[in-house]
Amino acid sequence: MFNNIIPETIYTPEQVATMLQLSKNTVYDLIGRGELVAKRFGRVYRVPASSLSFMFTGLDADLYNAEQIDKESLDQIHKELSAVRTEL
Amino acid sequence: MTVVRPILVFVDSDVIISSLISKSGAAYTLLHNTKQIELYVSNFSILELEQVSKRLGIEVELLNIVIATRLNSVKVDSSYAKVQREFADYVRDPHDAHIVAGAKEVKAAFLVSYNIRHFVPEKLREDFQLILLTPGLFLQYLRSL
């Protein structure tokens, strides 16, 4: 039934607070203001890793990772492009 | 019936070359897994794409397939030197001027590049209503629609 669900790391607000060196209250404030996207299950929240990625990079985690893959070759690409453009 | 107009996007050559190098990067996703957009390059882009592909050992046939199946081409009817002069205010490196010229010719809404530091985004937006984004940020924008 859940075969098609892509597993994603999730965190508790307490774990997020530790990671970001913030107080728990600040994390709950961020969730309350919608700056940090979290899913509420009854009385508790869970924060997907993608929310943290988005908060810091403006990109969902998969898009951030995809850009990082491209960036591995960019120095070489720009070097060659630059050389070719001077000859156009 | 509402006709949804495609978003016109001019793509810098670094993005196209990136898509030929990795199938798991954002550039590949932009070129192969997006709908509701039309991607454009110019005659100048095609010239440089062919040369850069050769220098990087990328099969030119792969590039030709991408150009034929995924990209629209627009002709910038001006010399390279003239384009450099005309669009000098929009770029930090005059050798990137032809990218802006192509985007203007298409009347593109977006210019997608990995080289965003080489452009002057405020002026592009002000004069041509052209928004400069990296592939990842543009894909993020598409998700928000």
# chains A, B, ... in the order shown; residues from 1 in each chain; ligands from 1
>>> interface_residues(of="chain A", to="chain B", cutoff="8 Å", atoms="only C-alpha atoms", output="list of chain:residue names")
A:Gly58, A:Leu59, A:Asp60, A:Leu63, A:Tyr64, A:Asn65, A:Ala66, A:Glu67, A:Gln68, A:Ile69, A:Asp70, A:Ser73, A:Leu74, A:Ile77, A:His78, A:Glu80, A:Leu81, A:Ser82, A:Val84, A:Arg85, A:Thr86, A:Leu88
>>> write_last_selection(atoms="N, CA and C atoms", output="tab-separated table (two decimals), in the first residue's frame")
chain	number	residue	atom	x	y	z
A	58	GLY	N	15.42	28.17	-0.01
A	58	GLY	CA	14.34	28.58	-0.91
A	58	GLY	C	13.97	27.47	-1.88
A	59	LEU	N	14.57	26.30	-1.69
A	59	LEU	CA	14.31	25.18	-2.59
A	59	LEU	C	13.87	23.95	-1.80
A	60	ASP	N	12.96	23.18	-2.38
A	60	ASP	CA	12.66	21.87	-1.80
A	60	ASP	C	13.94	21.04	-1.83
A	63	LEU	N	15.10	19.57	-5.16
A	63	LEU	CA	15.60	20.56	-6.12
A	63	LEU	C	16.97	21.09	-5.68
A	64	TYR	N	17.12	21.26	-4.38
A	64	TYR	CA	18.43	21.69	-3.87
A	64	TYR	C	19.51	20.65	-4.24
A	65	ASN	N	19.18	19.39	-3.99
A	65	ASN	CA	20.15	18.33	-4.31
A	65	ASN	C	20.43	18.26	-5.81
A	66	ALA	N	19.39	18.46	-6.61
A	66	ALA	CA	19.57	18.41	-8.07
A	66	ALA	C	20.49	19.55	-8.53
A	67	GLU	N	20.35	20.71	-7.92
A	67	GLU	CA	21.26	21.82	-8.28
A	67	GLU	C	22.70	21.51	-7.86
A	68	GLN	N	22.83	20.88	-6.72
A	68	GLN	CA	24.18	20.55	-6.25
A	68	GLN	C	24.86	19.58	-7.23
A	69	ILE	N	24.08	18.66	-7.79
A	69	ILE	CA	24.63	17.72	-8.78
A	69	ILE	C	25.16	18.49	-9.99
A	70	ASP	N	24.35	19.42	-10.49
A	70	ASP	CA	24.79	20.23	-11.64
A	70	ASP	C	26.04	21.04	-11.29
A	73	SER	N	29.80	20.14	-12.07
A	73	SER	CA	30.44	20.32	-13.39
A	73	SER	C	30.49	21.77	-13.84
A	74	LEU	N	29.93	22.66	-13.06
A	74	LEU	CA	29.76	24.03	-13.56
A	74	LEU	C	31.07	24.79	-13.79
A	77	ILE	N	32.28	23.78	-17.13
A	77	ILE	CA	31.38	24.29	-18.18
A	77	ILE	C	31.60	25.79	-18.39
A	78	HIS	N	31.67	26.53	-17.30
A	78	HIS	CA	31.85	27.99	-17.43
A	78	HIS	C	33.21	28.34	-18.03
A	80	GLU	N	34.87	26.56	-20.23
A	80	GLU	CA	34.81	26.31	-21.68
A	80	GLU	C	33.90	27.33	-22.38
A	81	LEU	N	32.77	27.64	-21.74
A	81	LEU	CA	31.85	28.62	-22.32
A	81	LEU	C	32.54	29.97	-22.48
A	82	SER	N	33.26	30.33	-21.46
A	82	SER	CA	33.96	31.61	-21.47
A	82	SER	C	34.97	31.66	-22.63
A	84	VAL	N	34.91	29.87	-25.39
A	84	VAL	CA	34.20	29.88	-26.68
A	84	VAL	C	33.60	31.25	-26.96
A	85	ARG	N	33.05	31.89	-25.93
A	85	ARG	CA	32.39	33.19	-26.14
A	85	ARG	C	33.38	34.28	-26.55
A	86	THR	N	34.61	34.15	-26.13
A	86	THR	CA	35.59	35.16	-26.54
A	86	THR	C	35.96	34.99	-28.02
A	88	LEU	N	33.62	33.97	-30.37
A	88	LEU	CA	32.42	34.07	-31.24
A	88	LEU	C	32.50	35.32	-32.13
>>> residues_around(residues="range 35-38 of chain B", least_positions_apart="4", cutoff="7 Å", atoms="only C-alpha atoms", output="NGL selection string")
:B and (6-9)
>>> write_last_selection(atoms="N, CA and C atoms", output="compact mmCIF listing (two decimals), in the first residue's frame")
# COMPACT_ATOMS: atom_id res chain seq x y z
N PRO B 6 1.67 29.07 -22.67
CA PRO B 6 2.90 28.55 -22.08
C PRO B 6 3.79 29.69 -21.59
N ILE B 7 4.60 29.40 -20.60
CA ILE B 7 5.56 30.39 -20.09
C ILE B 7 6.79 30.33 -21.00
N LEU B 8 7.21 31.48 -21.49
CA LEU B 8 8.36 31.52 -22.39
C LEU B 8 9.65 31.69 -21.57
N VAL B 9 10.56 30.77 -21.79
CA VAL B 9 11.79 30.73 -20.99
C VAL B 9 13.00 30.69 -21.91
>>> select_by_dssp(residues="chain A", states="helix (DSSP H, G or I)", output="MDAnalysis selection string")
chainID A and resid 13:20 24:33 49:57 61:87
>>> write_last_selection(atoms="C-alpha atoms", output="mmCIF file, in the first residue's frame")
data_model
loop_
_atom_site.group_PDB
_atom_site.id
_atom_site.type_symbol
_atom_site.label_atom_id
_atom_site.label_comp_id
_atom_site.auth_asym_id
_atom_site.auth_seq_id
_atom_site.Cartn_x
_atom_site.Cartn_y
_atom_site.Cartn_z
ATOM 1 C CA PRO A 13 10.384 20.318 16.935
ATOM 2 C CA GLU A 14 12.845 19.537 19.732
ATOM 3 C CA GLN A 15 15.311 17.996 17.278
ATOM 4 C CA VAL A 16 14.927 21.007 14.986
ATOM 5 C CA ALA A 17 15.585 23.320 17.942
ATOM 6 C CA THR A 18 18.796 21.452 18.738
ATOM 7 C CA MET A 19 19.949 21.425 15.113
ATOM 8 C CA LEU A 20 19.305 25.123 14.580
ATOM 9 C CA LYS A 24 11.795 25.021 21.436
ATOM 10 C CA ASN A 25 9.480 28.013 21.772
ATOM 11 C CA THR A 26 11.139 29.733 18.814
ATOM 12 C CA VAL A 27 10.648 26.624 16.698
ATOM 13 C CA TYR A 28 6.975 26.467 17.681
ATOM 14 C CA ASP A 29 6.671 30.180 16.849
ATOM 15 C CA LEU A 30 8.192 29.545 13.412
ATOM 16 C CA ILE A 31 5.708 26.735 12.845
ATOM 17 C CA GLY A 32 2.843 28.932 14.045
ATOM 18 C CA ARG A 33 3.819 31.721 11.649
ATOM 19 C CA ALA A 49 13.621 17.590 6.187
ATOM 20 C CA SER A 50 12.348 19.315 3.048
ATOM 21 C CA SER A 51 10.880 22.093 5.210
ATOM 22 C CA LEU A 52 14.290 22.796 6.689
ATOM 23 C CA SER A 53 15.876 22.754 3.254
ATOM 24 C CA PHE A 54 13.294 25.207 1.951
ATOM 25 C CA MET A 55 13.761 27.509 4.928
ATOM 26 C CA PHE A 56 17.469 27.846 4.253
ATOM 27 C CA THR A 57 17.743 27.607 0.466
ATOM 28 C CA ALA A 61 15.246 19.284 -0.785
ATOM 29 C CA ASP A 62 15.098 17.388 -4.081
ATOM 30 C CA LEU A 63 15.603 20.557 -6.121
ATOM 31 C CA TYR A 64 18.435 21.695 -3.873
ATOM 32 C CA ASN A 65 20.149 18.326 -4.314
ATOM 33 C CA ALA A 66 19.565 18.409 -8.070
ATOM 34 C CA GLU A 67 21.257 21.821 -8.283
ATOM 35 C CA GLN A 68 24.182 20.548 -6.254
ATOM 36 C CA ILE A 69 24.635 17.719 -8.784
ATOM 37 C CA ASP A 70 24.789 20.233 -11.636
ATOM 38 C CA LYS A 71 27.194 22.442 -9.707
ATOM 39 C CA GLU A 72 29.789 19.666 -9.684
ATOM 40 C CA SER A 73 30.438 20.315 -13.390
ATOM 41 C CA LEU A 74 29.761 24.029 -13.563
ATOM 42 C CA ASP A 75 33.321 25.290 -13.118
ATOM 43 C CA GLN A 76 34.441 23.324 -16.138
ATOM 44 C CA ILE A 77 31.377 24.291 -18.176
ATOM 45 C CA HIS A 78 31.851 27.986 -17.426
ATOM 46 C CA LYS A 79 35.539 27.792 -18.247
ATOM 47 C CA GLU A 80 34.805 26.313 -21.682
ATOM 48 C CA LEU A 81 31.850 28.622 -22.323
ATOM 49 C CA SER A 82 33.963 31.612 -21.473
ATOM 50 C CA ALA A 83 36.699 30.500 -23.867
ATOM 51 C CA VAL A 84 34.205 29.875 -26.681
ATOM 52 C CA ARG A 85 32.394 33.188 -26.139
ATOM 53 C CA THR A 86 35.588 35.162 -26.543
ATOM 54 C CA GLU A 87 35.986 33.559 -29.987
#
>>> select_by_dssp(residues="chain A", states="strand (DSSP E or B)", output="number ranges by chain")
A: 10-11, 39-41, 44-48
>>> residues_around(residues="Lys123 in chain B", least_positions_apart="3", cutoff="12 Å", atoms="only C-alpha atoms", output="list in words")
Phe87, Ala88, Asp89, Tyr90, Val91, Arg92, Val100, Phe119, Val120, Glu126, Asp127, Phe128, Gln129, Leu130, Ile131 and Leu132 of chain B
>>> atom_distance(atom1="CA of His32 in chain B", atom2="CA of Ala101 in chain B")
24.5 Å
>>> closest_residue(among="B:Asp77, B:Leu30, B:Arg5, B:Leu20", to="Glu105 in chain B", atoms="only C-alpha atoms")
B:Asp77
>>> closest_residue(among="B:Lys107, B:Ile16, B:Arg117, B:Phe10", to="Asn72 in chain B", atoms="only C-alpha atoms")
B:Phe10
>>> atom_distance(atom1="CA of Tyr45 in chain A", atom2="CA of Thr12 in chain A")
6.5 Å
